[in-house]
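Structure file query_6.cif; described as mmCIF, C-alpha atoms and all ligand atoms; chains and numbers go by the auth columns.
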```cif
data_start
#
loop_
_atom_site.group_PDB
_atom_site.id
_atom_site.type_symbol
_atom_site.label_atom_id
_atom_site.label_comp_id
_atom_site.label_asym_id
_atom_site.label_seq_id
_atom_site.Cartn_x
_atom_site.Cartn_y
_atom_site.Cartn_z
_atom_site.B_iso_or_equiv
_atom_site.auth_seq_id
_atom_site.auth_asym_id
ATOM 1 C CA MET A 1 -105.432 94.306 -217.328 0.00 23 A
ATOM 2 C CA ILE A 2 -108.263 96.756 -217.834 0.00 24 A
ATOM 3 C CA TYR A 3 -111.254 96.817 -220.169 0.00 25 A
ATOM 4 C CA ILE A 4 -112.619 99.771 -222.070 0.00 26 A
ATOM 5 C CA THR A 5 -115.626 100.046 -224.365 0.00 27 A
ATOM 6 C CA ARG A 6 -116.525 102.292 -227.250 0.00 28 A
ATOM 7 C CA LYS A 7 -120.156 102.513 -228.356 0.00 29 A
ATOM 8 C CA GLU A 8 -121.005 103.149 -231.997 0.00 30 A
ATOM 9 C CA HIS A 9 -124.216 103.040 -233.983 0.00 31 A
ATOM 10 C CA PHE A 10 -125.348 102.113 -237.470 0.00 32 A
ATOM 11 C CA ASN A 11 -128.581 101.492 -239.336 0.00 33 A
ATOM 12 C CA ALA A 12 -128.943 98.705 -241.845 0.00 34 A
ATOM 13 C CA ALA A 13 -131.490 96.654 -243.718 0.00 35 A
ATOM 14 C CA HIS A 14 -131.616 92.905 -243.933 0.00 36 A
ATOM 15 C CA LYS A 15 -133.779 89.879 -244.479 0.00 37 A
ATOM 16 C CA LEU A 16 -133.533 86.509 -242.827 0.00 38 A
ATOM 17 C CA TYR A 17 -134.836 84.016 -245.315 0.00 39 A
ATOM 18 C CA ASN A 18 -133.839 80.434 -246.033 0.00 40 A
ATOM 19 C CA GLU A 19 -134.565 79.699 -249.691 0.00 41 A
ATOM 20 C CA ALA A 20 -134.701 75.963 -248.993 0.00 42 A
ATOM 21 C CA TRP A 21 -137.797 76.465 -246.848 0.00 43 A
ATOM 22 C CA SER A 22 -141.397 77.335 -247.633 0.00 44 A
ATOM 23 C CA GLU A 23 -142.632 80.882 -247.073 0.00 45 A
ATOM 24 C CA GLU A 24 -144.690 79.606 -244.141 0.00 46 A
ATOM 25 C CA LYS A 25 -141.682 78.026 -242.478 0.00 47 A
ATOM 26 C CA ASN A 26 -139.614 81.191 -242.991 0.00 48 A
ATOM 27 C CA ASP A 27 -142.399 83.258 -241.427 0.00 49 A
ATOM 28 C CA THR A 28 -142.597 80.853 -238.513 0.00 50 A
ATOM 29 C CA ILE A 29 -138.866 80.799 -237.838 0.00 51 A
ATOM 30 C CA PHE A 30 -137.847 84.374 -238.686 0.00 52 A
ATOM 31 C CA GLY A 31 -141.078 86.312 -238.091 0.00 53 A
ATOM 32 C CA LYS A 32 -140.887 89.929 -239.230 0.00 54 A
ATOM 33 C CA CYS A 33 -137.219 89.468 -240.199 0.00 55 A
ATOM 34 C CA ALA A 34 -138.397 87.244 -243.109 0.00 56 A
ATOM 35 C CA ASN A 35 -140.229 90.161 -244.765 0.00 57 A
ATOM 36 C CA LYS A 36 -139.569 89.789 -248.496 0.00 58 A
ATOM 37 C CA ASN A 37 -139.039 93.494 -249.137 0.00 59 A
ATOM 38 C CA TRP A 38 -136.478 93.966 -246.372 0.00 60 A
ATOM 39 C CA HIS A 39 -136.659 95.931 -243.142 0.00 61 A
ATOM 40 C CA GLY A 40 -134.249 97.931 -241.060 0.00 62 A
ATOM 41 C CA HIS A 41 -132.688 97.824 -237.632 0.00 63 A
ATOM 42 C CA ASN A 42 -130.946 100.462 -235.550 0.00 64 A
ATOM 43 C CA TYR A 43 -127.861 98.633 -234.374 0.00 65 A
ATOM 44 C CA ASP A 44 -125.926 99.627 -231.276 0.00 66 A
ATOM 45 C CA LEU A 45 -122.391 98.294 -231.319 0.00 67 A
ATOM 46 C CA PHE A 46 -120.212 98.021 -228.200 0.00 68 A
ATOM 47 C CA VAL A 47 -116.560 97.235 -228.837 0.00 69 A
ATOM 48 C CA THR A 48 -114.642 96.241 -225.689 0.00 70 A
ATOM 49 C CA VAL A 49 -110.862 96.054 -225.742 0.00 71 A
ATOM 50 C CA LYS A 50 -108.491 94.995 -222.999 0.00 72 A
ATOM 51 C CA GLY A 51 -104.872 95.622 -222.236 0.00 73 A
ATOM 52 C CA ASN A 52 -102.424 97.257 -219.922 0.00 74 A
ATOM 53 C CA ILE A 53 -102.377 100.948 -219.198 0.00 75 A
ATOM 54 C CA ASN A 54 -99.767 102.958 -221.072 0.00 76 A
ATOM 55 C CA PRO A 55 -98.024 104.960 -218.324 0.00 77 A
ATOM 56 C CA ASP A 56 -97.446 107.894 -220.675 0.00 78 A
ATOM 57 C CA THR A 57 -101.160 108.371 -221.457 0.00 79 A
ATOM 58 C CA GLY A 58 -103.070 106.503 -218.756 0.00 80 A
ATOM 59 C CA PHE A 59 -104.964 104.811 -221.611 0.00 81 A
ATOM 60 C CA VAL A 60 -105.292 101.236 -222.827 0.00 82 A
ATOM 61 C CA VAL A 61 -106.041 102.649 -226.249 0.00 83 A
ATOM 62 C CA ASN A 62 -106.910 106.131 -227.312 0.00 84 A
ATOM 63 C CA LEU A 63 -110.717 105.998 -227.719 0.00 85 A
ATOM 64 C CA LYS A 64 -110.505 108.585 -230.456 0.00 86 A
ATOM 65 C CA ASP A 65 -108.328 106.198 -232.467 0.00 87 A
ATOM 66 C CA LEU A 66 -110.611 103.261 -231.661 0.00 88 A
ATOM 67 C CA SER A 67 -113.649 105.249 -232.757 0.00 89 A
ATOM 68 C CA SER A 68 -111.931 106.236 -236.018 0.00 90 A
ATOM 69 C CA LEU A 69 -111.042 102.602 -236.686 0.00 91 A
ATOM 70 C CA ILE A 70 -114.598 101.389 -236.068 0.00 92 A
ATOM 71 C CA THR A 71 -116.026 104.164 -238.233 0.00 93 A
ATOM 72 C CA ARG A 72 -113.598 103.553 -241.095 0.00 94 A
ATOM 73 C CA ASP A 73 -113.644 99.754 -241.162 0.00 95 A
ATOM 74 C CA VAL A 74 -117.057 98.814 -239.763 0.00 96 A
ATOM 75 C CA THR A 75 -119.762 101.446 -239.683 0.00 97 A
ATOM 76 C CA ASN A 76 -118.798 102.993 -243.039 0.00 98 A
ATOM 77 C CA ILE A 77 -119.193 99.524 -244.532 0.00 99 A
ATOM 78 C CA LEU A 78 -122.473 98.629 -242.812 0.00 100 A
ATOM 79 C CA ASP A 79 -124.313 101.909 -242.186 0.00 101 A
ATOM 80 C CA HIS A 80 -127.355 102.472 -244.427 0.00 102 A
ATOM 81 C CA LYS A 81 -126.566 99.283 -246.335 0.00 103 A
ATOM 82 C CA ASN A 82 -128.522 96.201 -247.177 0.00 104 A
ATOM 83 C CA LEU A 83 -126.574 93.550 -245.283 0.00 105 A
ATOM 84 C CA ASN A 84 -127.700 90.768 -247.645 0.00 106 A
ATOM 85 C CA LEU A 85 -126.804 92.542 -250.877 0.00 107 A
ATOM 86 C CA ASP A 86 -124.350 95.378 -250.303 0.00 108 A
ATOM 87 C CA VAL A 87 -121.728 94.050 -247.935 0.00 109 A
ATOM 88 C CA LYS A 88 -118.852 92.146 -249.472 0.00 110 A
ATOM 89 C CA GLY A 89 -117.941 89.125 -247.398 0.00 111 A
ATOM 90 C CA MET A 90 -121.139 89.222 -245.365 0.00 112 A
ATOM 91 C CA PHE A 91 -122.689 85.913 -244.494 0.00 113 A
ATOM 92 C CA ALA A 92 -125.700 84.798 -246.512 0.00 114 A
ATOM 93 C CA MET A 93 -127.757 84.981 -243.340 0.00 115 A
ATOM 94 C CA PRO A 94 -127.137 88.355 -241.672 0.00 116 A
ATOM 95 C CA SER A 95 -128.414 87.463 -238.234 0.00 117 A
ATOM 96 C CA THR A 96 -127.140 89.482 -235.289 0.00 118 A
ATOM 97 C CA GLU A 97 -124.847 86.551 -234.496 0.00 119 A
ATOM 98 C CA ASN A 98 -123.256 86.571 -237.932 0.00 120 A
ATOM 99 C CA VAL A 99 -122.957 90.348 -238.067 0.00 121 A
ATOM 100 C CA ALA A 100 -121.161 90.326 -234.687 0.00 122 A
ATOM 101 C CA ILE A 101 -118.669 87.717 -235.936 0.00 123 A
ATOM 102 C CA PHE A 102 -118.170 89.685 -239.157 0.00 124 A
ATOM 103 C CA ILE A 103 -117.299 92.779 -237.096 0.00 125 A
ATOM 104 C CA TRP A 104 -114.992 90.773 -234.811 0.00 126 A
ATOM 105 C CA ASN A 105 -113.033 89.420 -237.767 0.00 127 A
ATOM 106 C CA ILE A 106 -112.466 92.916 -239.137 0.00 128 A
ATOM 107 C CA LEU A 107 -111.451 94.530 -235.859 0.00 129 A
ATOM 108 C CA PHE A 108 -109.428 91.818 -234.119 0.00 130 A
ATOM 109 C CA PRO A 109 -106.163 92.192 -236.096 0.00 131 A
ATOM 110 C CA LYS A 110 -106.427 95.985 -236.252 0.00 132 A
ATOM 111 C CA ILE A 111 -106.862 96.382 -232.505 0.00 133 A
ATOM 112 C CA LYS A 112 -103.793 94.159 -232.048 0.00 134 A
ATOM 113 C CA GLU A 113 -101.878 96.647 -234.179 0.00 135 A
ATOM 114 C CA MET A 114 -103.003 99.365 -231.742 0.00 136 A
ATOM 115 C CA GLY A 115 -101.325 97.440 -228.914 0.00 137 A
ATOM 116 C CA ALA A 116 -104.505 96.128 -227.254 0.00 138 A
ATOM 117 C CA GLU A 117 -106.712 93.085 -227.607 0.00 139 A
ATOM 118 C CA LEU A 118 -110.310 92.874 -228.724 0.00 140 A
ATOM 119 C CA HIS A 119 -112.278 91.316 -225.865 0.00 141 A
ATOM 120 C CA ARG A 120 -115.926 91.457 -226.879 0.00 142 A
ATOM 121 C CA ILE A 121 -118.294 92.536 -229.599 0.00 143 A
ATOM 122 C CA LYS A 122 -121.716 93.306 -228.195 0.00 144 A
ATOM 123 C CA LEU A 123 -124.316 94.061 -230.824 0.00 145 A
ATOM 124 C CA TYR A 124 -127.883 95.167 -230.133 0.00 146 A
ATOM 125 C CA GLU A 125 -130.307 94.535 -232.972 0.00 147 A
ATOM 126 C CA THR A 126 -133.269 95.761 -230.923 0.00 148 A
ATOM 127 C CA GLU A 127 -133.564 97.160 -227.416 0.00 149 A
ATOM 128 C CA SER A 128 -134.418 93.670 -226.209 0.00 150 A
ATOM 129 C CA ASN A 129 -132.057 91.488 -228.258 0.00 151 A
ATOM 130 C CA TYR A 130 -128.292 91.515 -228.322 0.00 152 A
ATOM 131 C CA VAL A 131 -125.435 89.181 -229.088 0.00 153 A
ATOM 132 C CA GLU A 132 -122.038 88.966 -227.421 0.00 154 A
ATOM 133 C CA TYR A 133 -119.049 87.436 -229.166 0.00 155 A
ATOM 134 C CA PHE A 134 -115.696 86.785 -227.500 0.00 156 A
ATOM 135 C CA GLY A 135 -113.951 85.166 -230.460 0.00 157 A
ATOM 136 C CA GLU A 136 -114.694 81.566 -229.627 0.00 158 A
HETATM 137 NI NI NI B . -134.494 91.788 -238.718 0.00 201 A
#
```
As structure tokens, please, write out the structure in this file.
Amino acid sequence: MIYITRKEHFNAAHKLYNEAWSEEKNDTIFGKCANKNWHGHNYDLFVTVKGNINPDTGFVVNLKDLSSLITRDVTNILDHKNLNLDVKGMFAMPSTENVAIFIWNILFPKIKEMGAELHRIKLYETESNYVEYFGE
């Protein structure tokens, strides 16, 4: 079993705001992410897959194919979008946690079809903050 990671990038806007709360409470909990008129993040996405090495290629998966899959099914859907308004099926609260799970759910079955297994989604929202999701 060996693990391999492809890094991709996208930019997106969002707002973290709980309508059931006062503006003050939203500001306290979400800080700058509660800004009413949206704001953007530069997301770095690390997709790690695991599997056995194909003796014909020496690869677990062809990273070119993995990159094409991520571009087609994830970054084309999220890049330069408003995560609250533009993305069908997105959670009401597009926190880094929820975006990572959203990406996992898209990629997991498709990476299986490629003959490997999705191991981890690692998503950086800022240089200092990232989420890891392993499917459980
Ligand atoms: Ni934010």
List every residue of chain A that has an atom at most 9 Å from any atom of ligand NI 201 (chain A), and for each one report the closest atom pair and its distance in Å to one decimal, counting all atoms listed in the file, with rows sorted by chain and then by increasing residue number, as JSON lines.
```
{"residue": "A:Ala35", "atom": "CA", "partner": "A:NI201", "partner_atom": "NI", "distance": 7.6}
{"residue": "A:His36", "atom": "CA", "partner": "A:NI201", "partner_atom": "NI", "distance": 6.1}
{"residue": "A:Lys37", "atom": "CA", "partner": "A:NI201", "partner_atom": "NI", "distance": 6.1}
{"residue": "A:Leu38", "atom": "CA", "partner": "A:NI201", "partner_atom": "NI", "distance": 6.8}
{"residue": "A:Phe52", "atom": "CA", "partner": "A:NI201", "partner_atom": "NI", "distance": 8.1}
{"residue": "A:Gly53", "atom": "CA", "partner": "A:NI201", "partner_atom": "NI", "distance": 8.6}
{"residue": "A:Lys54", "atom": "CA", "partner": "A:NI201", "partner_atom": "NI", "distance": 6.7}
{"residue": "A:Cys55", "atom": "CA", "partner": "A:NI201", "partner_atom": "NI", "distance": 3.9}
{"residue": "A:Ala56", "atom": "CA", "partner": "A:NI201", "partner_atom": "NI", "distance": 7.4}
{"residue": "A:Asn57", "atom": "CA", "partner": "A:NI201", "partner_atom": "NI", "distance": 8.5}
{"residue": "A:Trp60", "atom": "CA", "partner": "A:NI201", "partner_atom": "NI", "distance": 8.2}
{"residue": "A:His61", "atom": "CA", "partner": "A:NI201", "partner_atom": "NI", "distance": 6.4}
{"residue": "A:Gly62", "atom": "CA", "partner": "A:NI201", "partner_atom": "NI", "distance": 6.6}
{"residue": "A:His63", "atom": "CA", "partner": "A:NI201", "partner_atom": "NI", "distance": 6.4}
{"residue": "A:Pro116", "atom": "CA", "partner": "A:NI201", "partner_atom": "NI", "distance": 8.6}
{"residue": "A:Ser117", "atom": "CA", "partner": "A:NI201", "partner_atom": "NI", "distance": 7.5}
{"residue": "A:Thr118", "atom": "CA", "partner": "A:NI201", "partner_atom": "NI", "distance": 8.4}
{"residue": "A:Glu147", "atom": "CA", "partner": "A:NI201", "partner_atom": "NI", "distance": 7.6}
{"residue": "A:Thr148", "atom": "CA", "partner": "A:NI201", "partner_atom": "NI", "distance": 8.8}
```
Checklist entry - Applied to the shown file, which residues does the PyMOL selection byres (((chain A and resi 71) around 8) and not hetatm) return, written as a list in words? => result Tyr25, Ile26, Thr27, Val69, Thr70, Lys72, Gly73, Ile133, Ala138, Glu139, Leu140, His141 and Arg142 of chain A
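Distance check against Phe68 (chain A) using all atoms listed in the file: of A:Ile92, A:Ile51, A:Val109, A:Leu100, the minimum falls on A:Ile92.
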Next on the checklist: Let me make sure I understand: among A:Ser44, A:Asn74, A:Asn84, A:Thr93, which one has the smallest atom-to-atom distance to Phe32 (chain A) if we use all atoms listed in the file?
Outcome noted: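 That would be A:Thr93, the residue with the smallest distance to Phe32 (chain A).
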Report as a PDB file with C-alpha atoms, keeping the file's coordinate frame all protein, DNA and RNA residues lying within 9 Å of Leu145 (chain A), evaluated on only C-alpha atoms, omitting residues in the same chain fewer than 2 positions from it.
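After the write, out_15.pdb holds the following:
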```pdb
ATOM      1  CA  TYR A  65    -127.861  98.633-234.374  1.00  0.00           C
ATOM      2  CA  ASP A  66    -125.926  99.627-231.276  1.00  0.00           C
ATOM      3  CA  LEU A  67    -122.391  98.294-231.319  1.00  0.00           C
ATOM      4  CA  PHE A  68    -120.212  98.021-228.200  1.00  0.00           C
ATOM      5  CA  VAL A  69    -116.560  97.235-228.837  1.00  0.00           C
ATOM      6  CA  THR A 118    -127.140  89.482-235.289  1.00  0.00           C
ATOM      7  CA  GLU A 119    -124.847  86.551-234.496  1.00  0.00           C
ATOM      8  CA  VAL A 121    -122.957  90.348-238.067  1.00  0.00           C
ATOM      9  CA  ALA A 122    -121.161  90.326-234.687  1.00  0.00           C
ATOM     10  CA  ILE A 143    -118.294  92.536-229.599  1.00  0.00           C
ATOM     11  CA  GLU A 147    -130.307  94.535-232.972  1.00  0.00           C
ATOM     12  CA  ASN A 151    -132.057  91.488-228.258  1.00  0.00           C
ATOM     13  CA  TYR A 152    -128.292  91.515-228.322  1.00  0.00           C
ATOM     14  CA  VAL A 153    -125.435  89.181-229.088  1.00  0.00           C
ATOM     15  CA  GLU A 154    -122.038  88.966-227.421  1.00  0.00           C
ATOM     16  CA  TYR A 155    -119.049  87.436-229.166  1.00  0.00           C
TER      17      TYR A 155
END
```
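Nearest-residue note for Thr97 (chain A): choosing from A:Glu158, A:Asn64, A:Trp43, A:Lys134, the minimum distance belongs to A:Asn64, counting all atoms listed in the file.
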Next on the checklist: Which residue is closest to Met136 (chain A)? Choose from A:Ala114, A:Leu85, A:Ile99, A:Ile123 and count all atoms listed in the file.
Outcome noted: A:Leu85
Next on the checklist: Need the shell around Asn40 (chain A): protein/DNA/RNA residues with any atom at most 9 Å away, counting all atoms listed in the file. Skip same-chain ones fewer than 6 positions apart. Format as a ChimeraX atom specification?
Outcome noted: /A:47-48,56,115
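With distances restricted to all atoms listed in the file, A:Lys132 is the closest residue to Leu91 (chain A) from A:Lys144, A:Lys29, A:Lys103, A:Lys132.
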Checklist entry - What separation in Å, quoted to one decimal, exists between CA of Glu149 (chain A) and CA of Ser90 (chain A)? => result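 Here the two named atoms are 25.0 Å from each other.
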Checklist entry - Do you have the CA of Leu88 (chain A)-CA of Arg28 (chain A) distance handy? => result 7.4 Å
Next on the checklist: Just to confirm, what's the straight-line distance from CA of Leu105 (chain A) to CA of Val83 (chain A) in Å (one decimal)?
Outcome noted: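 Answer for the CA of Leu105 (chain A) to CA of Val83 (chain A) separation: 29.4 Å.
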Next on the checklist: I need the residue nearest Glu135 (chain A) from this list: A:Glu41, A:Asp49, A:Thr79, A:Asp87. Use only C-alpha atoms for the distance.
Outcome noted: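 Result for the nearest residue to Glu135 (chain A): A:Asp87.
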